Every structure is written in C-alpha cells, then in structure tokens.
file protein-v8.txt (compact mmCIF, C-alpha atoms)
# COMPACT_ATOMS: atom_id res chain seq x y z
CA MET Y 60 -25.32 41.07 24.79
CA SER Y 61 -23.59 44.04 26.37
CA PRO Y 62 -21.37 46.28 24.29
CA GLN Y 63 -17.63 45.83 24.71
CA GLU Y 64 -15.83 48.52 26.65
CA THR Y 65 -12.75 50.07 25.06
CA GLN Y 66 -9.76 51.21 27.06
CA ALA Y 67 -8.93 54.89 26.78
CA PRO Y 68 -5.42 55.53 25.39
CA GLN Y 69 -2.86 56.65 27.96
CA SER Y 70 -1.78 60.27 27.69
CA LYS Y 71 1.81 60.99 26.69
CA ASP Y 72 4.07 63.64 28.16
CA PRO Y 73 4.41 66.32 25.47
CA ASN Y 74 8.01 66.95 26.66
CA PRO Y 75 9.62 63.63 27.66
CA HIS Y 76 13.04 65.15 28.30
CA GLN Y 77 14.07 65.98 31.89
CA SER Y 78 14.15 69.64 32.98
CA SER Y 79 17.45 71.26 33.82
CA PRO Y 80 18.44 71.72 37.52
CA VAL Y 81 18.10 75.51 37.17
CA LYS Y 82 14.51 75.25 35.93
CA PHE Y 83 13.69 72.81 38.71
CA LYS Y 84 15.03 75.12 41.45
CA THR Y 85 13.14 78.08 39.95
CA ALA Y 86 9.87 76.12 39.94
CA ALA Y 87 10.41 74.94 43.52
CA THR Y 88 11.05 78.51 44.71
CA ALA Y 89 7.87 79.76 43.00
CA ILE Y 90 5.77 77.01 44.60
CA ALA Y 91 7.19 77.82 48.06
CA ILE Y 92 6.37 81.53 47.66
CA LEU Y 93 2.81 80.71 46.54
CA ALA Y 94 2.34 78.42 49.55
CA VAL Y 95 3.34 81.22 51.95
CA ILE Y 96 0.97 83.68 50.26
CA LEU Y 97 -1.94 81.24 50.43
CA ALA Y 98 -1.23 80.46 54.09
CA PHE Y 99 -1.53 84.10 55.16
CA TYR Y 100 -3.88 85.65 52.61
CA ALA Y 101 -7.32 84.07 53.05
CA PRO Y 102 -9.21 85.94 50.24
CA LEU Y 103 -6.75 84.74 47.61
CA ARG Y 104 -6.89 81.18 48.97
CA THR Y 105 -10.69 81.18 48.81
CA ALA Y 106 -10.74 82.54 45.25
CA ILE Y 107 -8.31 79.89 43.98
CA THR Y 108 -10.22 77.10 45.75
CA ARG Y 109 -13.50 78.19 44.14
CA GLN Y 110 -11.91 78.35 40.72
CA ILE Y 111 -10.51 74.83 41.04
CA SER Y 112 -13.80 73.34 42.33
CA ARG Y 113 -16.09 75.08 39.82
CA PRO Y 114 -17.85 72.46 37.63
CA SER Y 115 -16.85 72.15 33.99
CA SER Y 116 -19.26 73.38 31.34
CA HIS Y 117 -18.98 69.91 29.76
CA LEU Y 118 -20.76 67.54 32.13
CA THR Y 119 -19.32 64.06 32.46
CA ALA Y 120 -21.38 60.91 32.54
CA THR Y 121 -21.44 60.87 36.33
CA THR Y 122 -21.92 64.57 37.08
CA PRO Y 123 -25.36 65.53 38.43
CA PHE Y 124 -26.10 69.25 38.16
CA LYS Y 125 -28.52 70.76 40.66
CA ARG Y 126 -30.39 74.07 40.74
CA THR Y 127 -33.10 75.38 43.02
CA MET Y 128 -36.22 77.33 42.14
CA THR Y 129 -39.67 77.90 43.58
CA THR Y 130 -43.10 76.90 42.40
CA THR Y 131 -46.19 78.97 43.03
CA ASN Y 132 -48.91 77.28 45.07
CA THR Y 133 -52.55 78.13 44.46
CA ASN Y 134 -52.80 79.72 47.91
CA GLY Y 135 -50.14 82.27 46.93
CA THR Y 136 -47.25 80.68 48.83
CA THR Y 137 -44.13 79.26 47.21
CA SER Y 138 -42.33 75.95 47.61
CA PRO Y 139 -38.59 75.47 47.00
CA LEU Y 140 -37.80 73.03 44.19
CA LYS Y 141 -34.54 71.18 43.69
CA ILE Y 142 -33.84 70.43 40.03
CA THR Y 143 -31.20 67.86 39.06
CA LYS Y 144 -30.35 67.64 35.38
CA ARG Y 145 -29.85 64.23 33.75
CA PRO Y 146 -27.72 65.00 30.66
CA TRP Y 147 -28.50 62.99 27.53
CA ASN Y 148 -25.03 61.42 27.35
CA ALA Y 149 -24.93 60.60 31.08
CA ARG Y 150 -27.64 57.96 30.60
CA GLY Y 151 -26.85 54.30 30.13
CA HIS Y 152 -26.22 53.57 26.46
CA ALA Y 153 -25.89 50.52 24.23
CA ASP Y 154 -25.48 50.06 20.49
CA HIS Y 155 -26.21 46.47 19.49
CA GLY Y 156 -26.48 47.25 15.81
CA TRP Y 157 -30.14 46.31 15.54
CA LEU Y 158 -30.91 48.28 18.75
CA TYR Y 159 -29.56 51.74 19.60
CA THR Y 160 -30.77 52.74 23.05
CA PHE Y 161 -30.39 55.10 26.00
CA HIS Y 162 -31.50 54.18 29.54
CA THR Y 163 -32.53 56.87 32.04
CA PHE Y 164 -32.62 54.26 34.83
CA SER Y 165 -30.64 51.07 35.49
CA PHE Y 166 -31.61 48.52 32.86
CA ALA Y 167 -30.10 45.38 31.29
CA SER Y 168 -26.28 45.63 31.50
CA TYR Y 169 -26.40 49.27 32.70
CA TYR Y 170 -26.49 49.70 36.47
CA ASP Y 171 -26.05 52.81 38.58
CA PRO Y 172 -27.37 52.79 42.19
CA GLN Y 173 -28.15 56.52 41.87
CA TYR Y 174 -30.62 55.81 39.07
CA GLU Y 175 -32.70 52.75 39.91
CA ASP Y 176 -36.11 54.46 39.93
CA PHE Y 177 -37.92 57.67 40.81
CA GLY Y 178 -41.07 57.09 42.83
CA PRO Y 179 -43.13 54.56 40.84
CA LEU Y 180 -41.23 55.40 37.64
CA ARG Y 181 -38.84 52.55 36.85
CA VAL Y 182 -37.82 52.66 33.16
CA ILE Y 183 -37.47 55.31 30.43
CA ASN Y 184 -35.65 53.76 27.47
CA GLU Y 185 -35.27 55.78 24.28
CA ASP Y 186 -35.04 52.99 21.69
CA ARG Y 187 -34.28 52.89 17.98
CA VAL Y 188 -34.93 49.47 16.45
CA GLU Y 189 -33.54 48.71 13.01
CA ARG Y 190 -35.99 47.83 10.24
CA GLY Y 191 -36.71 44.12 9.99
CA THR Y 192 -35.62 43.39 13.57
CA GLY Y 193 -37.07 43.60 17.07
CA PHE Y 194 -37.55 42.11 20.52
CA GLY Y 195 -38.50 38.44 20.42
CA THR Y 196 -41.23 36.97 22.61
CA HIS Y 197 -40.48 37.48 26.30
CA SER Y 198 -42.34 37.59 29.62
CA HIS Y 199 -43.40 40.38 31.98
CA ALA Y 200 -45.26 40.42 35.30
CA GLU Y 201 -46.31 43.06 37.84
CA PHE Y 202 -45.22 46.05 35.76
CA LEU Y 203 -47.12 48.77 33.94
CA ILE Y 204 -45.49 49.11 30.50
CA TRP Y 205 -46.20 51.54 27.70
CA SER Y 206 -44.64 52.56 24.38
CA TYR Y 207 -44.74 56.15 23.08
CA ILE Y 208 -44.13 56.05 19.32
CA VAL Y 209 -42.01 58.92 17.97
CA GLN Y 210 -41.30 57.78 14.42
CA GLY Y 211 -41.71 54.67 12.28
CA GLU Y 212 -43.84 51.60 12.93
CA LEU Y 213 -43.79 49.10 15.80
CA GLU Y 214 -45.63 45.78 15.73
CA HIS Y 215 -46.95 44.55 19.08
CA LYS Y 216 -48.09 40.95 19.59
CA ASP Y 217 -48.98 39.38 22.94
CA SER Y 218 -50.37 36.32 24.71
CA MET Y 219 -53.72 38.11 25.25
CA GLY Y 220 -54.37 37.87 21.50
CA ASN Y 221 -53.50 41.47 20.60
CA LEU Y 222 -51.72 42.15 17.31
CA GLU Y 223 -51.35 45.65 15.88
CA LYS Y 224 -48.97 48.03 14.19
CA LEU Y 225 -48.33 51.27 16.09
CA ARG Y 226 -47.31 54.55 14.45
CA ARG Y 227 -46.43 58.11 15.50
CA GLY Y 228 -48.70 59.51 18.18
CA GLU Y 229 -49.95 56.12 19.34
CA VAL Y 230 -49.41 54.91 22.89
CA GLN Y 231 -49.69 51.20 23.62
CA PHE Y 232 -50.18 50.27 27.28
CA THR Y 233 -49.95 46.87 28.96
CA SER Y 234 -50.66 46.13 32.60
CA ALA Y 235 -48.68 42.89 32.90
CA GLY Y 236 -50.27 41.94 36.22
CA THR Y 237 -50.03 38.20 36.91
CA GLY Y 238 -48.08 37.69 33.70
CA ILE Y 239 -48.05 38.14 29.92
CA ARG Y 240 -45.77 37.34 26.99
CA HIS Y 241 -45.23 39.72 24.09
CA SER Y 242 -42.95 40.64 21.20
CA GLU Y 243 -42.16 43.99 19.55
CA TYR Y 244 -40.85 44.20 15.98
CA CYS Y 245 -40.11 46.76 13.31
CA ARG Y 246 -41.58 44.88 10.34
CA ASN Y 247 -41.38 47.93 8.10
CA ARG Y 248 -38.50 47.40 5.65
CA GLU Y 249 -38.29 51.08 4.72
CA GLU Y 250 -37.82 52.81 8.08
CA ASP Y 251 -36.41 52.19 11.57
CA VAL Y 252 -38.71 52.77 14.55
CA HIS Y 253 -37.96 55.30 17.31
CA PHE Y 254 -40.01 55.02 20.50
CA LEU Y 255 -39.87 55.46 24.25
CA GLN Y 256 -40.41 52.37 26.37
CA ILE Y 257 -41.63 53.34 29.85
CA TRP Y 258 -42.30 51.18 32.91
CA ALA Y 259 -43.89 51.97 36.27
CA LYS Y 260 -44.43 49.96 39.42
CA PRO Y 261 -48.14 49.36 40.16
CA SER Y 262 -49.75 50.28 43.46
CA VAL Y 263 -51.71 46.99 43.38
CA ARG Y 264 -50.22 43.57 42.76
CA GLY Y 265 -51.90 40.53 41.22
CA LEU Y 266 -53.95 42.47 38.67
CA LYS Y 267 -55.53 40.75 35.70
CA PRO Y 268 -53.44 41.57 32.61
CA SER Y 269 -54.95 44.29 30.42
CA TYR Y 270 -54.18 46.19 27.20
CA LYS Y 271 -55.06 49.57 25.71
CA THR Y 272 -53.96 51.61 22.69
CA ARG Y 273 -54.83 55.23 22.00
CA LYS Y 274 -53.65 57.80 19.45
CA TYR Y 275 -52.74 61.33 20.51
CA THR Y 276 -52.03 63.45 17.44
CA ASP Y 277 -49.45 66.22 17.18
CA GLU Y 278 -52.29 68.74 16.98
CA MET Y 279 -53.57 67.59 20.38
CA LYS Y 280 -50.16 68.32 21.96
CA GLU Y 281 -49.21 71.57 20.21
CA ASP Y 282 -48.48 74.37 22.72
CA ARG Y 283 -50.27 72.60 25.55
CA LEU Y 284 -49.76 69.74 27.97
CA LEU Y 285 -51.93 66.78 27.01
CA ARG Y 286 -52.61 64.16 29.67
CA VAL Y 287 -51.73 60.78 28.18
CA MET Y 288 -51.52 58.49 31.24
CA GLU Y 289 -53.43 58.92 34.49
CA SER Y 290 -53.88 57.14 37.80
CA VAL Y 291 -57.19 55.26 38.08
CA GLY Y 292 -57.87 57.27 41.24
CA ARG Y 293 -57.89 60.53 39.24
CA HIS Y 294 -59.28 59.20 35.97
CA SER Y 295 -62.74 60.29 34.79
CA GLY Y 296 -63.74 56.70 34.10
CA LYS Y 297 -64.74 57.58 30.53
CA ASP Y 298 -63.49 55.24 27.80
CA GLU Y 299 -63.13 57.87 25.08
CA GLU Y 300 -60.36 58.45 22.54
CA THR Y 301 -59.48 61.87 23.95
CA GLU Y 302 -59.16 60.55 27.52
CA PRO Y 303 -55.84 59.48 29.09
CA ILE Y 304 -55.10 55.79 29.58
CA PRO Y 305 -55.83 54.73 33.20
CA MET Y 306 -53.30 52.77 35.27
CA HIS Y 307 -52.86 51.55 38.84
CA ALA Y 308 -50.11 53.90 40.05
CA ASP Y 309 -49.89 57.38 41.58
CA LEU Y 310 -48.41 58.63 38.32
CA SER Y 311 -49.56 60.98 35.56
CA MET Y 312 -47.80 61.53 32.23
CA SER Y 313 -48.42 64.51 29.96
CA ALA Y 314 -46.95 65.22 26.51
CA SER Y 315 -46.33 68.50 24.71
CA ILE Y 316 -44.93 69.81 21.43
CA LEU Y 317 -44.04 73.34 22.47
CA SER Y 318 -43.22 76.02 19.88
CA PRO Y 319 -40.17 78.26 20.41
CA GLY Y 320 -41.01 81.13 22.76
CA LYS Y 321 -44.16 79.45 24.11
CA LYS Y 322 -44.81 78.45 27.73
CA VAL Y 323 -47.08 75.91 29.42
CA GLU Y 324 -48.04 75.50 33.06
CA HIS Y 325 -48.40 72.12 34.70
CA GLU Y 326 -50.81 71.97 37.62
CA LEU Y 327 -49.67 69.38 40.14
CA VAL Y 328 -52.23 66.59 40.03
CA ALA Y 329 -52.60 66.00 43.78
CA GLU Y 330 -52.14 67.74 47.11
CA GLY Y 331 -49.03 67.28 49.20
CA LYS Y 332 -45.47 66.43 48.23
CA ARG Y 333 -44.92 65.46 44.60
CA ASN Y 334 -42.00 64.44 42.41
CA VAL Y 335 -41.80 65.56 38.78
CA TYR Y 336 -39.61 64.26 35.96
CA LEU Y 337 -39.20 65.80 32.49
CA HIS Y 338 -37.72 64.18 29.39
CA VAL Y 339 -37.02 65.90 26.06
CA VAL Y 340 -37.47 63.59 23.06
CA MET Y 341 -34.48 63.33 20.72
CA SER Y 342 -34.71 64.07 17.01
CA GLY Y 343 -31.43 62.30 16.18
CA ARG Y 344 -29.10 59.74 17.67
CA THR Y 345 -27.12 62.42 19.48
CA GLN Y 346 -28.00 65.82 20.89
CA PRO Y 347 -27.39 68.60 18.33
CA LYS Y 348 -24.17 70.50 19.05
CA THR Y 349 -26.00 73.74 18.27
CA GLY Y 350 -29.69 74.53 17.96
CA GLY Y 351 -32.40 71.94 18.24
CA ALA Y 352 -35.26 71.66 20.70
CA ARG Y 353 -34.69 73.09 24.17
CA ILE Y 354 -36.89 73.73 27.19
CA LYS Y 355 -36.37 75.67 30.40
CA ILE Y 356 -37.68 74.92 33.87
CA GLY Y 357 -36.65 77.40 36.52
CA GLN Y 358 -33.08 78.31 35.58
CA GLU Y 359 -32.31 74.86 34.17
CA GLU Y 360 -32.13 74.33 30.40
CA LEU Y 361 -32.72 70.91 28.84
CA GLY Y 362 -31.77 69.93 25.31
CA GLU Y 363 -32.77 66.90 23.28
CA GLY Y 364 -32.37 63.71 25.30
CA ASP Y 365 -31.88 65.57 28.59
CA GLY Y 366 -34.08 64.95 31.60
CA ALA Y 367 -34.59 66.61 34.99
CA PHE Y 368 -35.53 65.33 38.42
CA VAL Y 369 -37.70 67.91 40.20
CA ARG Y 370 -38.05 67.41 43.95
CA GLY Y 371 -39.81 69.50 46.57
CA ALA Y 372 -43.01 70.28 44.67
CA VAL Y 373 -46.11 70.64 46.84
CA GLY Y 374 -49.65 70.54 45.47
CA PRO Y 375 -51.80 72.37 44.83
CA GLY Y 376 -49.30 74.34 42.75
CA LYS Y 377 -47.97 74.98 39.26
CA ILE Y 378 -44.69 74.41 37.41
CA GLU Y 379 -43.88 76.42 34.28
CA VAL Y 380 -42.02 75.06 31.24
CA GLU Y 381 -40.76 77.30 28.41
CA SER Y 382 -39.55 76.35 24.92
CA ILE Y 383 -36.29 78.22 24.23
CA GLY Y 384 -34.83 76.32 21.25
CA ASP Y 385 -35.04 77.01 17.54
CA LYS Y 386 -37.53 74.21 16.83
CA PRO Y 387 -40.62 72.82 18.61
CA ALA Y 388 -39.71 70.78 21.68
CA GLU Y 389 -41.48 67.45 22.20
CA PHE Y 390 -41.25 66.45 25.84
CA LEU Y 391 -42.90 64.27 28.48
CA LEU Y 392 -43.74 65.39 32.02
CA PHE Y 393 -44.30 62.85 34.80
CA ASP Y 394 -46.05 63.86 38.05
CA MET Y 395 -45.88 61.23 40.76
CA GLY Y 396 -46.17 60.49 44.44
CA GLN Y 397 -43.05 60.00 46.50
call {"tool": "encode", "arguments": {"input": "protein-v8.txt", "output": "structure tokens"}}
result
Amino acid sequence: MSPQETQAPQSKDPNPHQSSPVKFKTAATAIAILAVILAFYAPLRTAITRQISRPSSHLTATTPFKRTMTTTNTNGTTSPLKITKRPWNARGHADHGWLYTFHTFSFASYYDPQYEDFGPLRVINEDRVERGTGFGTHSHAEFLIWSYIVQGELEHKDSMGNLEKLRRGEVQFTSAGTGIRHSEYCRNREEDVHFLQIWAKPSVRGLKPSYKTRKYTDEMKEDRLLRVMESVGRHSGKDEETEPIPMHADLSMSASILSPGKKVEHELVAEGKRNVYLHVVMSGRTQPKTGGARIKIGQEELGEGDGAFVRGAVGPGKIEVESIGDKPAEFLLFDMGQ
C-alpha cells in the first residue's frame, strides 16, 4: 500500500494590503532603469544571470548534481569521469509503519524514468523492518537478489528448502532463475532489522535457482575494499568462506568500513568502459544534520544514504575513495559493464 501524499500548504502574502500609487510608480521606475542597464551592460547581465541560475546548497528531490574528475589508468593516462550525486532524500521513500524504506531505483509505487536501472544493477533498497513483521511469501524469477545485513536479524525461508537467520555481516544471495518463492521476516522481538536489498539482471536467462550465504566480518572490511559479489567470469571458482559469492552478471560489489582520514583504491575489474556506483550505508533513519560518516570521490562528498553514479571509467584503472567524516564510513562500491 503506497503512502498517502499530503498537499503542501499555500503560502500567504505577508502584507495583504495594497501598495500606495506612489510606491507603485517608484517600483515601476526602478524596474525600467534596471532593464535599460541590463540591455546595454553585458557584464552585469551575465553576473546576475549566473547568480539566479546557481544551484541551491539544499538539493531538492529531483536535482541531480554532477561533477567531473579523472581516474588514473595503469598505463599512466587519465580518463575523464562524470560523477552524479544521488542525495539520500532524493530517493524514493515509503513509511508503511512495519517497513521504512528508501529506493535508489524505481520500485513498487515509486517510479522515476531517470532511475530505472544502472547497467545490470536494478534495485538498491535500504530497508528497516519492524520486529515481529516481514515480507510474506512471494515469487521471483530471472533476477539475482541479495541481502546485505547491517543490523538486527532477518529470517529467510524459500521454496528450495532453505531456512536460516541472518545477522550483521552476512550476505544471502539467491539466483531466482526459472522461479522461486521466499519470505523474509524479522522474528526477533527485541530489535528491528536494517538491511540492503539489492537486485541485478542476469546475463543468462533460464538458470536453475541457487542459494548461497556467506559472512564477511567488520574486521575483513576495515580500511580496505573487500570483494563480496563477483561475476562468474572473474571468480576464482573456489568455494571458500573468504571468497566472494559468484553470480551471472558483469557486476562486482565490494564493501568497506573506512576510518576517518583513510583512503582506499578500487582497481576497475575489467578492461574497457565501466560504470561505478557507490552507496553509503545509513546509521539512522535520516542523514545526520552534522557529522556522521562521509566519503569523498573526486571532488564529490557523500554522506550517509547518499549515492553516486560514476560514468566514463576505463579499465585498467583506479578510483580513489577517502573517508572524510567523523566516524567510520560503511559503503558499497559496484563496478559493472555498460
């Protein structure tokens, strides 16, 4: 059920009384003089136009903000990158009581044609499910779906016979393939669950459904980028606990918990043109007004809940991320084909 929209109150004129004729004539004369000055004095006209068109420091829900930077390729050349920030409060949002969620891409009742997908990446939902509630049994097919647990406990049950409780650091992956049914509940009566639900489009259709869970501890992610998900074409083939989870898509996902003042470098996972997306995990239901976790890529700063589309990367090459907040920043980095 979609949340009800509320109508914004209409603004009221702070001075409802009419101006006197003298004041009106004075204002009209001033406007006429300004028009003449602007018509003949180009520098002043340009300055005023720039001031009017300059973006506000408070981004609205529909305002993309773009910066450019370069990334260093391993052969010593540089490639121009275009970075578009996705502010935390510009995402789709719903509060159903039992579910408090933000959608990076169009999902459920939220639709924006600018944000339907990014390469194979289709869904990043930052969900908080109230204790004792959850998603009832429902169907999926032909999607790669995984849950990244931030806090609390999530029960997963599916038609393949899997039943387990997932906690912080665990990643549960399902390749829905020809079709599965599953449910996700917060059975814990003491604590809500906070997790990221992520979907990608597979490069191969008609796969046999499969399931995998792995745990990646905080220590494994501290001040480094840990590969959590990897394309089968780049995967080592080893089925070990420290290995990333393989999937059928040209997509890699790494996770980091980066201390303030620290930097990490991401090496693009394949040659040629690549897209990159970053998402900073939230610690609360809203982004802190001051402080909190923050990262920097190029000249763009991202706070909790913010994301960034990075276009124009060319592999082999590297992209640097720096933690600039006053607490460790947990973030995800996606590297994908176009």
call {"tool": "residues_around", "arguments": {"input": "protein-v8.txt", "residues": "Glu281 (chain Y)", "least_positions_apart": "6", "cutoff": "10 Å", "atoms": "only C-alpha atoms", "output": "PyMOL selection string"}}
result
chain Y and resi 314-318+387-389
call {"tool": "residues_around", "arguments": {"input": "protein-v8.txt", "residues": "region 353-367 of chain Y", "least_positions_apart": "5", "cutoff": "7 Å", "atoms": "all atoms listed in the file", "output": "number ranges by chain"}}
result
Y: 126, 128, 142-147, 336-341, 346, 379-384, 388
call {"tool": "write_last_selection", "arguments": {"input": "protein-v8.txt", "atoms": "C-alpha atoms", "output": "CSV table (one decimal), in the coordinates of the input"}}
result
chain,number,residue,atom,x,y,z
Y,126,ARG,CA,-30.4,74.1,40.7
Y,128,MET,CA,-36.2,77.3,42.1
Y,142,ILE,CA,-33.8,70.4,40.0
Y,143,THR,CA,-31.2,67.9,39.1
Y,144,LYS,CA,-30.4,67.6,35.4
Y,145,ARG,CA,-29.8,64.2,33.8
Y,146,PRO,CA,-27.7,65.0,30.7
Y,147,TRP,CA,-28.5,63.0,27.5
Y,336,TYR,CA,-39.6,64.3,36.0
Y,337,LEU,CA,-39.2,65.8,32.5
Y,338,HIS,CA,-37.7,64.2,29.4
Y,339,VAL,CA,-37.0,65.9,26.1
Y,340,VAL,CA,-37.5,63.6,23.1
Y,341,MET,CA,-34.5,63.3,20.7
Y,346,GLN,CA,-28.0,65.8,20.9
Y,379,GLU,CA,-43.9,76.4,34.3
Y,380,VAL,CA,-42.0,75.1,31.2
Y,381,GLU,CA,-40.8,77.3,28.4
Y,382,SER,CA,-39.6,76.4,24.9
Y,383,ILE,CA,-36.3,78.2,24.2
Y,384,GLY,CA,-34.8,76.3,21.2
Y,388,ALA,CA,-39.7,70.8,21.7
call {"tool": "closest_residue", "arguments": {"input": "protein-v8.txt", "among": "Y:Val287, Y:Val230, Y:Met306, Y:Leu255", "to": "Pro179 (chain Y)", "atoms": "all atoms listed in the file"}}
result
Y:Met306
call {"tool": "residues_around", "arguments": {"input": "protein-v8.txt", "residues": "Lys224 (chain Y)", "least_positions_apart": "2", "cutoff": "10 Å", "atoms": "only C-alpha atoms", "output": "tab-separated table (two decimals) with C-alpha atoms, in the frame of the given file"}}
result
chain	number	residue	atom	x	y	z
Y	212	GLU	CA	-43.84	51.60	12.93
Y	213	LEU	CA	-43.79	49.10	15.80
Y	214	GLU	CA	-45.63	45.78	15.73
Y	215	HIS	CA	-46.95	44.55	19.08
Y	216	LYS	CA	-48.09	40.95	19.59
Y	222	LEU	CA	-51.72	42.15	17.31
Y	226	ARG	CA	-47.31	54.55	14.45
Y	229	GLU	CA	-49.95	56.12	19.34
Y	231	GLN	CA	-49.69	51.20	23.62
Y	243	GLU	CA	-42.16	43.99	19.55
Y	244	TYR	CA	-40.85	44.20	15.98
Y	245	CYS	CA	-40.11	46.76	13.31
Y	246	ARG	CA	-41.58	44.88	10.34
Y	247	ASN	CA	-41.38	47.93	8.10
call {"tool": "closest_residue", "arguments": {"input": "protein-v8.txt", "among": "Y:Phe194, Y:Phe164, Y:Phe393, Y:Tyr170", "to": "Leu285 (chain Y)", "atoms": "all atoms listed in the file"}}
result
Y:Phe393
call {"tool": "atom_distance", "arguments": {"input": "protein-v8.txt", "atom1": "CA of Ser269 (chain Y)", "atom2": "CA of Asp251 (chain Y)"}}
result
27.6 Å
call {"tool": "residues_around", "arguments": {"input": "protein-v8.txt", "residues": "Tyr159 (chain Y)", "least_positions_apart": "6", "cutoff": "8 Å", "atoms": "only C-alpha atoms", "output": "NGL selection string"}}
result
:Y and (152-153 or 186-188)
call {"tool": "atom_distance", "arguments": {"input": "protein-v8.txt", "atom1": "CA of Thr233 (chain Y)", "atom2": "CA of Tyr169 (chain Y)"}}
result
24.0 Å
call {"tool": "closest_residue", "arguments": {"input": "protein-v8.txt", "among": "Y:Phe202, Y:Phe166, Y:Phe232, Y:Tyr207", "to": "Thr276 (chain Y)", "atoms": "only C-alpha atoms"}}
result
Y:Tyr207
call {"tool": "residues_around", "arguments": {"input": "protein-v8.txt", "residues": "Asp394 (chain Y)", "least_positions_apart": "6", "cutoff": "9 Å", "atoms": "only C-alpha atoms", "output": "list of chain:residue names"}}
result
Y:Asp309, Y:Leu310, Y:Ser311, Y:Met312, Y:Ser313, Y:Leu327, Y:Val328, Y:Ala329, Y:Arg333, Y:Asn334, Y:Val335, Y:Tyr336
call {"tool": "closest_residue", "arguments": {"input": "protein-v8.txt", "among": "Y:Trp258, Y:Arg286, Y:Gly151, Y:Thr272", "to": "Leu391 (chain Y)", "atoms": "only C-alpha atoms"}}
result
Y:Arg286
call {"tool": "atom_distance", "arguments": {"input": "protein-v8.txt", "atom1": "CA of Thr237 (chain Y)", "atom2": "CA of Gly220 (chain Y)"}}
result
16.0 Å
call {"tool": "residues_near_point", "arguments": {"input": "protein-v8.txt", "point": "(-37.3, 55.7, 7.8)", "cutoff": "9 Å", "atoms": "only C-alpha atoms", "output": "list in words"}}
result
Arg190, Gln210, Gly211, Asn247, Arg248, Glu249, Glu250, Asp251 and Val252 of chain Y
call {"tool": "closest_residue", "arguments": {"input": "protein-v8.txt", "among": "Y:Asp385, Y:His155, Y:Lys260, Y:Asn221", "to": "Pro347 (chain Y)", "atoms": "all atoms listed in the file"}}
result
Y:Asp385
call {"tool": "closest_residue", "arguments": {"input": "protein-v8.txt", "among": "Y:Gln256, Y:Glu223, Y:Tyr174, Y:Gly376", "to": "Glu330 (chain Y)", "atoms": "only C-alpha atoms"}}
result
Y:Gly376
